Amino acid sequence: MTAIVMVVGSAYTVSGRLSWWEAALSVPMALLTASVVLADNLRDYEWDKAHGVRTLPVRVGKDAGKAMYAAMVLLALALPPVMLWPWGLLVEASLPLALPSILHVAEVYDLGLRRAVRFRFYVTIAFASLYAASIALAH
């Protein structure tokens, strides 16, 4: 949500008008950045639950949290091609980085903590760069 407000606020500051389009364009990046926080909360699930820290995964359950993480990352990747056809397809180049991260968070494959954090970082940087290029080329 914060990412959406930042983008819409910046667009308003520059253009002097509010636009639903800027809000819509901010959703994929907002989903991806929020997924990083969710992944960290999933990593700390056992400790948080034992100590009464009511993060989203503790509230909805670990399996639901893992499903939410996968859905957020995949939706972030699915939206740009729909919104910015055909240039939005550029973000799909970050999919090979996203899949190991999804599998790690889902506990299907163990990357190790350091590699998992690096993959989430790489996914975010690759996605943001490709998404920015898609937006620039589409307009």
# chains A, B, ... in the order shown; residues from 1 in each chain; ligands from 1

call {"tool": "select_by_dssp", "arguments": {"residues": "chain A", "states": "helix (DSSP H, G or I)", "output": "MDAnalysis selection string"}}
result
chainID A and resid 2:15 20:43 45:50 56:60 62:83 87:105 113:138

call {"tool": "residues_around", "arguments": {"residues": "Arg118 in chain A", "least_positions_apart": "3", "cutoff": "12 Å", "atoms": "only C-alpha atoms", "output": "MDAnalysis selection string"}}
result
chainID A and resid 36 97:98 100:101 104 111:115 121:126

call {"tool": "residues_around", "arguments": {"residues": "Met68 in chain A", "least_positions_apart": "4", "cutoff": "9 Å", "atoms": "only C-alpha atoms", "output": "list in words"}}
result
Ser35, Leu38, Asp63, Ala64, Met72 and Val73 of chain A

call {"tool": "write_last_selection", "arguments": {"atoms": "C-alpha atoms", "output": "tab-separated table (two decimals), in the first residue's frame"}}
result
chain	number	residue	atom	x	y	z
A	35	SER	CA	6.17	-10.24	-0.75
A	38	LEU	CA	5.93	-11.64	3.90
A	63	ASP	CA	0.55	-22.72	4.60
A	64	ALA	CA	-1.78	-19.84	3.74
A	72	MET	CA	1.87	-12.13	-4.80
A	73	VAL	CA	5.05	-12.85	-6.77

call {"tool": "atom_distance", "arguments": {"atom1": "CA of Thr13 in chain A", "atom2": "CA of Leu31 in chain A"}}
result
23.1 Å

call {"tool": "closest_residue", "arguments": {"among": "A:Val108, A:Leu84, A:Ala116, A:Leu103", "to": "Pro28 in chain A", "atoms": "only C-alpha atoms"}}
result
A:Leu84

call {"tool": "residues_around", "arguments": {"residues": "Pro81 in chain A", "least_positions_apart": "6", "cutoff": "10 Å", "atoms": "only C-alpha atoms", "output": "JSON, numbers by chain"}}
result
{"A": [87, 88, 89, 90, 91, 92, 131, 134]}

call {"tool": "closest_residue", "arguments": {"among": "A:Gly52, A:Pro57, A:Gly65, A:Pro80", "to": "Ser26 in chain A", "atoms": "only C-alpha atoms"}}
result
A:Pro80

call {"tool": "residues_around", "arguments": {"residues": "Val105 in chain A", "least_positions_apart": "3", "cutoff": "8 Å", "atoms": "only C-alpha atoms", "output": "list in words"}}
result
Ala39, Leu42, Arg43, Lys66, Tyr69, Ser101, Ile102 and Val108 of chain A

call {"tool": "residues_around", "arguments": {"residues": "Val5 in chain A", "least_positions_apart": "6", "cutoff": "10 Å", "atoms": "only C-alpha atoms", "output": "list in words"}}
result
Ala11, Glu22, Ala23, Ser26 and Ala30 of chain A

call {"tool": "write_last_selection", "arguments": {"atoms": "N, CA and C atoms", "output": "short mmCIF file (atom, residue, chain, number, x, y, z; two decimals), in the first residue's frame"}}
result
data_model
loop_
_atom_site.label_atom_id
_atom_site.label_comp_id
_atom_site.auth_asym_id
_atom_site.auth_seq_id
_atom_site.Cartn_x
_atom_site.Cartn_y
_atom_site.Cartn_z
N ALA A 11 3.43 11.09 -8.77
CA ALA A 11 2.79 11.46 -10.03
C ALA A 11 1.96 12.73 -9.87
N GLU A 22 -1.70 5.57 -12.82
CA GLU A 22 -0.48 5.50 -12.02
C GLU A 22 -0.66 4.56 -10.83
N ALA A 23 -1.85 4.60 -10.23
CA ALA A 23 -2.13 3.69 -9.12
C ALA A 23 -2.07 2.24 -9.60
N SER A 26 1.43 0.98 -10.20
CA SER A 26 2.23 0.75 -8.99
C SER A 26 1.93 -0.58 -8.32
N ALA A 30 4.34 -2.94 -5.87
CA ALA A 30 3.88 -3.01 -4.48
C ALA A 30 3.72 -4.46 -4.04
#

call {"tool": "closest_residue", "arguments": {"among": "A:Leu75, A:Val7, A:Asp40, A:Val53", "to": "Ser19 in chain A", "atoms": "only C-alpha atoms"}}
result
A:Val7

call {"tool": "closest_residue", "arguments": {"among": "A:Val8, A:Val117, A:Val58, A:Leu32", "to": "Leu79 in chain A", "atoms": "only C-alpha atoms"}}
result
A:Leu32
